[in-house]
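Colleague: My structure is in entry28.txt, and what it holds is compact mmCIF, C-alpha atoms and all ligand atoms:
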```
# COMPACT_ATOMS: atom_id res chain seq x y z
CA MET A 9 82.17 107.01 126.11
CA ASN A 10 82.78 106.07 129.76
CA GLN A 11 85.38 103.37 130.38
CA TYR A 12 84.67 100.74 133.01
CA VAL A 13 86.65 98.24 135.03
CA LEU A 14 84.76 94.95 135.31
CA LEU A 15 85.03 93.13 138.62
CA THR A 16 83.95 89.50 138.43
CA GLY A 17 82.95 88.44 141.94
CA GLY A 18 82.78 92.13 142.86
CA ALA A 19 80.27 91.55 145.67
CA GLY A 20 82.59 89.19 147.57
CA TYR A 21 84.89 89.95 150.46
CA ILE A 22 87.93 91.17 148.51
CA GLY A 23 85.87 92.36 145.53
CA SER A 24 83.72 94.72 147.61
CA HIS A 25 86.75 96.31 149.30
CA THR A 26 88.45 96.68 145.92
CA ALA A 27 85.29 98.19 144.42
CA LEU A 28 85.34 100.83 147.18
CA CYS A 29 89.03 101.54 146.58
CA LEU A 30 88.57 101.85 142.80
CA VAL A 31 85.49 104.10 142.84
CA ARG A 32 87.22 106.36 145.35
CA ALA A 33 90.16 106.55 142.94
CA GLY A 34 87.79 107.69 140.18
CA TYR A 35 87.22 104.43 138.26
CA ASN A 36 83.80 103.45 136.94
CA VAL A 37 83.09 99.97 138.25
CA ILE A 38 80.83 97.16 137.08
CA SER A 39 80.39 94.08 139.27
CA PHE A 40 79.42 90.78 137.65
CA ASP A 41 78.55 88.24 140.33
CA ASN A 42 76.25 85.24 140.70
CA TYR A 43 75.99 85.79 144.49
CA SER A 44 76.84 82.14 145.15
CA ASN A 45 78.92 83.32 148.12
CA SER A 46 77.93 86.94 148.67
CA SER A 47 75.11 89.39 149.13
CA PRO A 48 73.98 92.32 146.95
CA GLU A 49 73.93 94.31 150.19
CA ALA A 50 77.77 94.54 150.16
CA LEU A 51 77.86 96.74 147.06
CA LYS A 52 74.89 98.82 148.27
CA ARG A 53 77.03 99.66 151.26
CA VAL A 54 79.99 100.45 149.02
CA GLU A 55 77.74 102.91 147.19
CA GLN A 56 76.69 104.49 150.50
CA LEU A 57 80.29 104.75 151.68
CA SER A 58 81.59 106.24 148.44
CA GLY A 59 78.58 108.20 147.25
CA LYS A 60 79.27 106.65 143.82
CA LYS A 61 77.17 104.36 141.65
CA ILE A 62 78.30 100.82 140.94
CA ILE A 63 76.70 98.93 138.10
CA THR A 64 75.77 95.51 139.45
CA ILE A 65 74.97 92.65 137.11
CA THR A 66 73.80 89.25 138.28
CA GLY A 67 75.47 86.61 136.16
CA ASP A 68 77.77 83.62 136.05
CA ILE A 69 81.23 83.77 134.45
CA ARG A 70 80.52 80.40 132.82
CA ASP A 71 77.66 82.02 130.89
CA GLN A 72 79.32 83.28 127.72
CA ALA A 73 76.16 84.99 126.46
CA ALA A 74 75.71 86.92 129.71
CA LEU A 75 79.32 88.11 129.64
CA THR A 76 79.04 89.00 125.97
CA ALA A 77 76.03 91.16 126.75
CA VAL A 78 78.02 93.12 129.35
CA PHE A 79 80.98 93.67 127.03
CA SER A 80 78.60 94.73 124.25
CA GLN A 81 76.80 97.27 126.40
CA TYR A 82 79.78 98.86 128.17
CA SER A 83 83.25 99.95 127.11
CA ILE A 84 85.45 97.87 129.39
CA SER A 85 89.13 98.72 129.71
CA ALA A 86 90.25 96.00 132.15
CA VAL A 87 88.96 93.09 134.21
CA VAL A 88 89.75 92.24 137.82
CA HIS A 89 88.80 88.59 138.16
CA PHE A 90 87.81 87.63 141.70
CA ALA A 91 84.97 85.22 140.88
CA GLY A 92 85.76 81.76 142.15
CA LEU A 93 84.98 79.20 144.80
CA LYS A 94 87.52 79.09 147.61
CA ALA A 95 86.69 76.48 150.26
CA VAL A 96 89.49 73.91 150.35
CA GLY A 97 87.49 71.17 152.12
CA GLU A 98 84.49 71.57 149.83
CA SER A 99 86.78 71.43 146.80
CA THR A 100 87.92 67.93 147.75
CA GLU A 101 84.26 66.81 147.89
CA LEU A 102 83.14 68.65 144.74
CA PRO A 103 86.19 68.71 142.45
CA LEU A 104 84.22 68.92 139.20
CA HIS A 105 82.24 71.86 140.51
CA TYR A 106 85.45 73.65 141.45
CA TYR A 107 87.20 72.99 138.14
CA ASP A 108 84.10 73.99 136.21
CA ASN A 109 83.48 77.18 138.17
CA ASN A 110 87.07 78.36 138.55
CA VAL A 111 88.91 76.97 135.52
CA ALA A 112 86.16 76.73 132.88
CA GLY A 113 84.75 80.05 134.11
CA THR A 114 88.10 81.76 133.60
CA VAL A 115 88.49 80.28 130.12
CA THR A 116 85.05 81.59 129.17
CA LEU A 117 85.87 85.02 130.59
CA CYS A 118 89.13 85.20 128.63
CA ARG A 119 87.41 84.08 125.45
CA VAL A 120 84.92 86.94 125.74
CA MET A 121 87.65 89.44 126.66
CA ARG A 122 89.63 88.37 123.61
CA HIS A 123 86.58 88.75 121.36
CA PHE A 124 86.17 92.36 122.53
CA ASN A 125 89.92 93.00 122.44
CA VAL A 126 90.04 93.68 126.21
CA LYS A 127 93.42 92.29 127.21
CA LYS A 128 94.16 93.70 130.66
CA LEU A 129 93.46 91.21 133.42
CA VAL A 130 94.17 91.10 137.14
CA PHE A 131 93.68 87.58 138.46
CA SER A 132 93.09 86.58 142.11
CA SER A 133 95.66 83.90 142.63
CA SER A 134 96.77 82.63 146.01
CA ALA A 135 99.79 81.66 148.06
CA THR A 136 98.21 78.21 147.91
CA VAL A 137 100.04 77.76 144.55
CA TYR A 138 103.30 77.41 146.53
CA GLY A 139 102.04 74.22 148.22
CA ASP A 140 104.34 73.42 151.14
CA ALA A 141 107.17 75.79 150.21
CA LYS A 142 110.67 74.63 151.09
CA GLU A 143 111.81 78.09 152.18
CA VAL A 144 110.20 81.11 153.78
CA PRO A 145 109.86 83.97 152.99
CA ILE A 146 108.40 82.73 149.71
CA LYS A 147 109.56 84.31 146.46
CA GLU A 148 107.48 84.37 143.26
CA THR A 149 110.08 82.08 141.68
CA SER A 150 109.46 79.37 144.28
CA ALA A 151 108.25 76.03 142.87
CA ARG A 152 104.48 75.64 142.48
CA SER A 153 102.36 72.69 143.54
CA ALA A 154 98.90 71.99 144.87
CA THR A 155 97.41 69.41 147.16
CA ASN A 156 93.68 69.95 146.70
CA PRO A 157 91.30 70.85 143.85
CA TYR A 158 90.98 74.48 144.99
CA GLY A 159 94.75 74.94 144.87
CA GLN A 160 94.95 73.00 141.59
CA SER A 161 92.35 75.27 140.05
CA LYS A 162 94.43 78.36 140.90
CA LEU A 163 97.59 76.73 139.57
CA MET A 164 95.85 75.59 136.37
CA ILE A 165 94.52 79.10 135.76
CA GLU A 166 98.02 80.55 136.19
CA LEU A 167 99.34 78.04 133.61
CA ILE A 168 96.48 78.78 131.20
CA LEU A 169 97.08 82.53 131.44
CA GLU A 170 100.82 82.02 130.90
CA ASP A 171 100.07 80.03 127.72
CA LEU A 172 97.67 82.73 126.58
CA VAL A 173 100.37 85.40 126.88
CA LYS A 174 102.85 83.18 125.05
CA ALA A 175 100.42 82.86 122.17
CA GLU A 176 99.23 86.49 122.25
CA PRO A 177 101.90 88.77 123.71
CA ASP A 178 99.65 91.83 123.63
CA TRP A 179 97.85 90.72 126.81
CA SER A 180 98.75 92.43 130.11
CA ILE A 181 98.11 90.09 133.05
CA ALA A 182 98.90 90.28 136.76
CA LEU A 183 98.66 87.08 138.81
CA LEU A 184 98.23 88.48 142.31
CA ARG A 185 99.13 85.81 144.85
CA TYR A 186 97.35 86.82 148.03
CA PHE A 187 98.58 85.55 151.36
CA ASN A 188 95.95 85.58 154.17
CA PRO A 189 93.44 88.43 153.75
CA VAL A 190 91.82 89.62 157.00
CA GLY A 191 90.24 92.78 158.40
CA ALA A 192 87.57 95.04 157.02
CA ASP A 193 86.97 98.61 155.94
CA SER A 194 87.44 100.90 158.95
CA SER A 195 83.79 102.00 158.71
CA GLY A 196 82.68 98.55 159.88
CA GLN A 197 80.10 98.61 157.07
CA ILE A 198 81.65 95.94 154.82
CA GLY A 199 83.61 92.84 155.76
CA GLU A 200 83.97 89.09 155.43
CA ASP A 201 80.67 87.24 155.73
CA PRO A 202 81.31 83.51 155.46
CA ASN A 203 78.50 81.01 154.97
CA GLY A 204 78.09 78.54 157.84
CA ILE A 205 81.04 77.56 160.00
CA PRO A 206 84.12 79.58 159.00
CA ASN A 207 87.10 77.60 157.71
CA ASN A 208 89.56 80.44 158.17
CA LEU A 209 91.11 81.64 161.39
CA MET A 210 90.07 85.31 161.62
CA PRO A 211 86.34 84.88 160.99
CA PHE A 212 86.36 82.00 163.47
CA ILE A 213 88.07 84.11 166.13
CA SER A 214 85.61 86.97 165.64
CA GLN A 215 82.59 84.64 165.80
CA VAL A 216 83.90 83.22 169.08
CA ALA A 217 84.44 86.75 170.41
CA VAL A 218 80.89 87.79 169.51
CA GLY A 219 79.47 84.66 171.18
CA LYS A 220 78.29 82.81 168.06
CA ARG A 221 80.76 79.96 168.69
CA GLU A 222 81.90 78.55 171.99
CA GLN A 223 85.64 78.34 171.47
CA LEU A 224 88.38 78.30 168.89
CA SER A 225 90.21 75.06 168.14
CA VAL A 226 93.89 75.81 167.59
CA PHE A 227 94.93 73.24 165.01
CA GLY A 228 98.19 71.92 166.42
CA ASN A 229 100.86 73.39 168.73
CA ASP A 230 103.68 71.08 167.71
CA TYR A 231 104.80 72.78 164.48
CA PRO A 232 108.43 73.87 164.15
CA THR A 233 107.48 77.53 164.79
CA PRO A 234 108.31 79.83 167.76
CA ASP A 235 105.18 78.87 169.77
CA GLY A 236 104.35 75.64 167.94
CA THR A 237 101.22 77.01 166.19
CA GLY A 238 100.96 77.68 162.46
CA VAL A 239 102.49 80.90 161.09
CA ARG A 240 100.87 82.90 158.27
CA ASP A 241 101.20 86.24 156.52
CA TYR A 242 97.96 88.06 157.40
CA ILE A 243 97.29 91.03 155.14
CA HIS A 244 94.69 93.74 155.75
CA VAL A 245 92.04 93.64 153.02
CA VAL A 246 92.27 97.43 152.54
CA ASP A 247 96.00 97.11 151.77
CA LEU A 248 95.13 94.22 149.46
CA ALA A 249 92.49 96.29 147.64
CA LEU A 250 95.03 99.03 147.02
CA GLY A 251 97.34 96.40 145.48
CA HIS A 252 94.67 95.87 142.77
CA LEU A 253 94.56 99.58 141.98
CA LYS A 254 98.35 99.59 141.65
CA ALA A 255 98.24 96.47 139.46
CA LEU A 256 95.71 98.12 137.12
CA GLU A 257 97.98 101.15 136.82
CA TYR A 258 100.93 98.86 136.10
CA LEU A 259 99.03 97.01 133.35
CA GLU A 260 98.35 100.32 131.60
CA GLN A 261 102.09 100.53 130.91
CA HIS A 262 103.25 96.91 130.58
CA LYS A 263 102.45 93.92 128.41
CA GLY A 264 103.11 90.29 129.35
CA ILE A 265 102.38 88.41 132.56
CA GLU A 266 103.74 88.87 136.08
CA ALA A 267 103.11 86.85 139.22
CA ILE A 268 103.24 89.11 142.27
CA ASN A 269 103.00 88.25 145.95
CA LEU A 270 100.66 90.44 147.99
CA GLY A 271 101.67 89.97 151.60
CA THR A 272 103.34 91.86 154.43
CA GLY A 273 106.46 89.71 154.64
CA VAL A 274 105.80 89.12 158.34
CA GLY A 275 104.45 85.90 159.81
CA TYR A 276 102.22 85.68 162.89
CA SER A 277 101.23 82.52 164.72
CA VAL A 278 97.70 81.44 165.59
CA LEU A 279 98.32 82.42 169.22
CA ASP A 280 99.73 85.81 168.14
CA MET A 281 96.42 86.43 166.36
CA VAL A 282 94.30 85.30 169.31
CA ASN A 283 96.30 87.45 171.73
CA ALA A 284 96.29 90.53 169.48
CA PHE A 285 92.53 90.18 168.99
CA SER A 286 91.69 89.86 172.69
CA THR A 287 94.17 92.50 173.88
CA THR A 288 93.35 95.15 171.27
CA ASN A 289 89.59 94.65 171.46
CA GLN A 290 89.36 93.84 175.19
CA VAL A 291 87.28 90.76 174.45
CA ALA A 292 87.81 87.14 175.47
CA VAL A 293 88.63 84.51 172.83
CA PRO A 294 88.44 81.12 174.57
CA TYR A 295 90.44 78.42 172.79
CA LYS A 296 91.65 74.86 173.13
CA ILE A 297 94.57 73.15 171.49
CA SER A 298 93.42 70.37 169.16
CA ALA A 299 94.90 68.12 166.49
CA ARG A 300 96.59 69.46 163.37
CA ARG A 301 94.27 70.10 160.41
CA PRO A 302 95.15 67.71 157.58
CA GLY A 303 96.87 69.51 154.71
CA ASP A 304 98.08 72.45 156.85
CA ILE A 305 101.65 73.66 156.64
CA ALA A 306 103.80 75.05 159.44
CA SER A 307 104.81 78.41 158.09
CA CYS A 308 103.93 80.55 155.09
CA TYR A 309 104.84 84.19 154.53
CA ALA A 310 105.73 86.33 151.55
CA GLU A 311 108.85 87.86 150.21
CA PRO A 312 106.97 91.05 149.17
CA SER A 313 109.70 93.09 147.46
CA LYS A 314 108.57 92.41 143.88
CA ALA A 315 105.28 94.23 144.55
CA LYS A 316 107.21 97.19 145.89
CA THR A 317 109.55 97.30 142.90
CA LEU A 318 106.97 96.73 140.15
CA LEU A 319 103.84 98.29 141.61
CA GLY A 320 105.22 100.76 144.15
CA TRP A 321 102.97 99.04 146.69
CA GLN A 322 103.58 97.80 150.19
CA THR A 323 101.33 97.19 153.15
CA GLU A 324 100.64 100.04 155.57
CA LYS A 325 98.24 98.53 158.09
CA THR A 326 99.35 96.98 161.37
CA LEU A 327 98.27 93.82 163.18
CA GLU A 328 96.23 96.04 165.53
CA ASP A 329 94.43 97.55 162.51
CA MET A 330 93.61 94.04 161.28
CA VAL A 331 92.10 92.81 164.53
CA ARG A 332 90.38 96.10 165.42
CA ASP A 333 88.73 96.44 162.00
CA THR A 334 87.68 92.78 161.98
CA TRP A 335 86.04 93.28 165.36
CA ARG A 336 84.29 96.53 164.37
CA TRP A 337 82.71 94.76 161.39
CA GLN A 338 81.79 91.64 163.40
CA SER A 339 80.38 93.46 166.43
CA GLN A 340 78.35 95.90 164.30
CA ASN A 341 77.10 93.08 162.04
CA PRO A 342 76.92 89.93 164.19
CA ASN A 343 75.03 88.15 161.40
CA GLY A 344 76.98 89.65 158.54
CA TYR A 345 74.93 91.30 155.81
CA GLN A 346 71.75 89.80 157.27
CA SER A 347 72.20 91.81 160.47
P1 LIG G 1 84.31 85.52 148.07
O1 LIG G 1 83.68 84.18 148.01
O2 LIG G 1 83.88 86.48 149.13
O3 LIG G 1 84.16 86.25 146.66
C1 LIG G 1 84.07 85.54 145.44
C2 LIG G 1 82.89 86.11 144.69
O4 LIG G 1 82.77 85.44 143.43
C3 LIG G 1 81.56 85.90 145.42
O5 LIG G 1 80.86 87.12 145.44
C4 LIG G 1 80.85 84.84 144.59
O6 LIG G 1 79.44 84.99 144.65
C5 LIG G 1 81.40 85.11 143.20
N1 LIG G 1 81.39 83.97 142.29
C6 LIG G 1 81.84 82.71 142.52
N2 LIG G 1 81.68 81.96 141.42
C7 LIG G 1 81.13 82.76 140.47
C8 LIG G 1 80.73 82.56 139.14
N3 LIG G 1 80.83 81.37 138.54
N4 LIG G 1 80.22 83.60 138.44
C9 LIG G 1 80.07 84.82 139.02
N5 LIG G 1 80.42 85.06 140.31
C10 LIG G 1 80.95 84.04 141.02
O7 LIG G 1 85.89 85.30 148.14
P2 LIG G 1 87.05 86.34 148.36
O8 LIG G 1 87.68 86.02 149.65
O9 LIG G 1 86.59 87.71 148.10
O10 LIG G 1 88.05 85.86 147.24
C11 LIG G 1 88.11 86.46 145.95
C12 LIG G 1 89.09 85.68 145.10
O11 LIG G 1 90.36 85.68 145.74
C13 LIG G 1 88.72 84.21 144.89
O12 LIG G 1 89.06 83.86 143.57
C14 LIG G 1 89.62 83.49 145.88
O13 LIG G 1 89.91 82.18 145.45
C15 LIG G 1 90.85 84.35 145.87
N6 LIG G 1 91.62 84.25 147.10
C16 LIG G 1 91.01 84.47 148.30
C17 LIG G 1 91.73 84.34 149.48
C18 LIG G 1 91.06 84.53 150.82
O14 LIG G 1 91.57 84.05 151.81
N7 LIG G 1 89.94 85.22 150.92
C19 LIG G 1 93.08 84.00 149.44
C20 LIG G 1 93.69 83.81 148.20
C21 LIG G 1 92.94 83.94 147.04
C1 LIG G 2 93.62 78.38 153.95
C2 LIG G 2 93.57 77.40 152.82
C3 LIG G 2 94.36 77.95 151.65
C4 LIG G 2 93.85 79.34 151.26
C5 LIG G 2 93.94 80.24 152.49
C6 LIG G 2 93.43 81.62 152.25
C7 LIG G 2 93.36 75.22 153.91
C8 LIG G 2 94.01 73.91 154.18
N1 LIG G 2 94.10 76.12 153.26
O1 LIG G 2 94.94 78.53 154.31
O2 LIG G 2 94.24 77.10 150.53
O3 LIG G 2 94.62 79.88 150.21
O4 LIG G 2 93.16 79.65 153.54
O5 LIG G 2 92.05 81.58 152.06
O6 LIG G 2 92.20 75.42 154.22
N2 LIG G 2 93.52 77.68 162.28
C9 LIG G 2 93.20 77.23 163.54
N3 LIG G 2 91.88 77.09 163.85
C10 LIG G 2 90.87 77.40 162.98
C11 LIG G 2 91.21 77.85 161.69
C12 LIG G 2 92.56 77.98 161.37
O7 LIG G 2 94.07 76.96 164.35
O8 LIG G 2 89.69 77.23 163.31
C13 LIG G 2 94.95 77.86 161.93
C14 LIG G 2 95.42 77.01 160.77
O9 LIG G 2 95.87 75.77 161.21
C15 LIG G 2 96.54 77.89 160.20
C16 LIG G 2 96.07 79.32 160.50
O10 LIG G 2 95.12 79.19 161.55
O11 LIG G 2 97.74 77.67 160.91
C17 LIG G 2 95.42 80.00 159.31
O12 LIG G 2 94.38 79.18 158.81
P1 LIG G 2 93.42 79.64 157.63
O13 LIG G 2 92.85 80.97 157.96
O14 LIG G 2 92.48 78.54 157.33
O15 LIG G 2 94.40 79.89 156.40
P2 LIG G 2 95.48 78.90 155.72
O16 LIG G 2 95.64 77.66 156.48
O17 LIG G 2 96.69 79.71 155.48
```
What is this file in structure tokens?
Ligand code: NAD
Ligand code: UD1

Modeller:
Amino acid sequence: MNQYVLLTGGAGYIGSHTALCLVRAGYNVISFDNYSNSSPEALKRVEQLSGKKIITITGDIRDQAALTAVFSQYSISAVVHFAGLKAVGESTELPLHYYDNNVAGTVTLCRVMRHFNVKKLVFSSSATVYGDAKEVPIKETSARSATNPYGQSKLMIELILEDLVKAEPDWSIALLRYFNPVGADSSGQIGEDPNGIPNNLMPFISQVAVGKREQLSVFGNDYPTPDGTGVRDYIHVVDLALGHLKALEYLEQHKGIEAINLGTGVGYSVLDMVNAFSTTNQVAVPYKISARRPGDIASCYAEPSKAKTLLGWQTEKTLEDMVRDTWRWQSQNPNGYQS
């Protein structure tokens, strides 16, 4: 009987790139997604790019019966759990929706996994669980905190999964703490397709470059950083996808739970990103300096050595790759998957 890896949220930005990486590595992949923030077109393109079939199921992780049906029909060896809502601002307006979707959804997923004795789980956590870290680069052992319901939901899920492993040590769980995913597959066929006005820097820059938005607002130039603008650890989504493959391989051999940073270890400022984007792609990115965004921190980048030691993984892509691949996707698909 064929074994499958189940990707919850497999049609999303990181899920679709990971699906491509996994099918190319020979895995059979099932995506389970409610398309609340994605399009079925993404996985159609993954199928075209890979020449492989992906089983796509429309469903919500809070729907225990729907998940049970999937686990009954297919032999699932592991789950990579991307499904979740991720807009910080929206989470402060709709906290119950975020806790229900992210936290209750994860509990339901784990309950079904447990019932079918599937105990290998890769969870999409985030550097947001470090709150405003006292020291950079940030180690996995750094204190955790959260300042908004989105961040709280990620932190709560980490705590729930830690308790689960304490109670049932035969689980194998990786908490992958992503830093700032950017970029796109080098084909330009799949990429990040945010709804409405982008919250994050890279999609905003690329929408300005393509003429959809007038100019970028740089949120503050008075931070204690080299040029005064915020510093982040931008990681190419293709490197990030490969980190999931390595985590799945690791879970084959190890029980217990590990939190692992997925970042480059290098921080770039907002102006570094704007300059790299316009220089590499020969396109103008008009910007103005505006006020700080409430809740933002000055500097956040990973100490990435644990991933190298445990998973044998480190990033390969450069800043130029990140901005070039973002632009290829954006310019070929000015309206995302509706182009
Ligand atoms: P995304 O919104 O593109 O993908 C999430 C996918 O999950 C979407 O396809 C959405 O339709 C689906 N989904 C949401 N709720 C669902 C539910 N209840 N049932 C079934 N499907 C559901 O986001 P992404 O950028 O690909 O992020 C993937 C994961 O990584 C998320 O959990 C996110 O919080 C986390 N993460 C993302 C970033 C980032 O900057 N992109 C950073 C750190 C962590
Ligand atoms: C945001 C989220 C964080 C989440 C992360 C990855 C907030 C407060 N935090 O973090 O929880 O884990 O995304 O998805 O939303 N910037 C501008 N102008 C813009 C947009 C951003 O100057 O229009 C700056 C920001 O001030 C920051 C940097 O660009 O310095 C990166 O911003 P963003 O892409 O939103 O990521 P984070 O702030 O790291």

Colleague: Which of these residues is nearest to Asn156 (chain A), using all atoms listed in the file: A:Arg122, A:Lys94, A:Lys127, A:Arg185?

Modeller: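 Smallest distance to Asn156 (chain A) is found for A:Lys94.
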
Colleague: Would you be able to write out as a PyMOL selection string which residues have an atom within 12 Å of (105.8, 97.8, 129.2) in the file's coordinates, counting all atoms listed in the file?

Modeller: chain A and resi 177-181+257-266+318

Colleague: Taking only C-alpha atoms and all ligand atoms into account, which residues are within 7 Å of ligand LIG 1 (chain G), as a PyMOL selection string?

Modeller: chain A and resi 16-23+40-46+67-70+90-94+109-110+113+132-135+185-189+200

Colleague: Could you work out how far CA of Val239 (chain A) lies from atom C5 of ligand LIG 2 (chain G), giving the answer in Å with one decimal?

Modeller: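 Atom C5 of ligand LIG 2 (chain G) sits 12.1 Å away from CA of Val239 (chain A).
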
Colleague: When you count all atoms listed in the file, which of these residues is closest to ligand LIG 2 (chain G): A:Val226, A:Ile297, A:Ile62, A:Leu327?

Modeller: A:Val226

Colleague: With distances taken over all atoms listed in the file, which residue among A:Val331, A:Leu15, A:Val96, A:Ala315 lies nearest ligand LIG 2 (chain G)?

Modeller: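 Closest to ligand LIG 2 (chain G) of all the choices is A:Val96.
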
Colleague: Using all atoms listed in the file, determine which residues fall within 7 Å of ligand LIG 2 (chain G), then list them as a VMD selection string.

Modeller: chain A and resid 94 to 97 134 to 136 158 to 159 187 to 189 207 to 210 212 224 to 228 237 to 240 278 300 to 301 303 to 304 306

Colleague: Which residues, written as an MDAnalysis selection string, have at least one atom at most 7 Å from Val190 (chain A), with only C-alpha atoms counted and residues fewer than 3 positions away on the same chain left out?

Modeller: chainID A and resid 210 242:245 330

Colleague: Provide the CA of Val137 (chain A) to CA of Pro312 (chain A) distance in Å, to one decimal place.

Modeller: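 Spanning CA of Val137 (chain A) to CA of Pro312 (chain A) is a straight-line distance of 15.7 Å.
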
Colleague: Find the spatial neighbours of Ile213 (chain A), counting all atoms listed in the file, within a cut-off of 9 Å - ignore same-chain residues fewer than 4 positions away - and output them as a short mmCIF file (atom, residue, chain, number, x, y, z; two decimals) with C-alpha atoms, in the frame of the given file.

Modeller:
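So the final result, stored in part01.cif, reads:
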```cif
data_model
loop_
_atom_site.label_atom_id
_atom_site.label_comp_id
_atom_site.auth_asym_id
_atom_site.auth_seq_id
_atom_site.Cartn_x
_atom_site.Cartn_y
_atom_site.Cartn_z
CA ASN A 208 89.56 80.44 158.17
CA LEU A 209 91.11 81.64 161.39
CA ALA A 217 84.44 86.75 170.41
CA VAL A 218 80.89 87.79 169.51
CA ARG A 221 80.76 79.96 168.69
CA GLN A 223 85.64 78.34 171.47
CA LEU A 224 88.38 78.30 168.89
CA MET A 281 96.42 86.43 166.36
CA VAL A 282 94.30 85.30 169.31
CA PHE A 285 92.53 90.18 168.99
CA VAL A 293 88.63 84.51 172.83
CA PRO A 294 88.44 81.12 174.57
#
```

Colleague: Given the point (85.5, 99.7, 133.6) in the file's coordinates, find the residues that have an atom at most 9 Å from it, counting only C-alpha atoms, and give them as a ChimeraX atom specification.

Modeller: /A:10-15,35-38,82-87

Colleague: For Ala33 (chain A), which residue among A:Lys220, A:Lys316, A:Lys254, A:Lys52 is the nearest when counting all atoms listed in the file?

Modeller: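 Residue with the minimum atom-to-atom distance to Ala33 (chain A): A:Lys254.
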
Colleague: Report, in Å to a single decimal, how far apart CA of Glu166 (chain A) and CA of Leu183 (chain A) are.

Modeller: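 It comes out at 7.1 Å.
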
Colleague: Identify which of the residues A:Trp335, A:Tyr309, A:Trp321, A:Tyr138 lies closest to Thr288 (chain A), counting all atoms listed in the file when measuring atom-to-atom distances.

Modeller: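 Nearest candidate to Thr288 (chain A) out of A:Trp335, A:Tyr309, A:Trp321, A:Tyr138: A:Trp335.
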
Colleague: I want to know what sits within 8 Å of Arg336 (chain A), based on all atoms listed in the file, with residues of the same chain fewer than 2 positions away left out; could you give that as a list in words?

Modeller: Ser194, Ser195, Gly196, Arg332, Asp333, Thr334, Gln338, Ser339 and Gln340 of chain A

Colleague: Under the rule that all atoms listed in the file are counted, which of A:Leu30, A:Leu248, A:Ala299, A:Leu51 is the nearest residue to Gln197 (chain A)?

Modeller: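 Of all the options, A:Leu51 lies closest to Gln197 (chain A).
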
Colleague: Could you list, as a ChimeraX atom specification, every residue within 9 Å of Leu256 (chain A), counting all atoms listed in the file and ignoring same-chain residues fewer than 5 positions away?

Modeller: /A:86-88,128-130,182,251
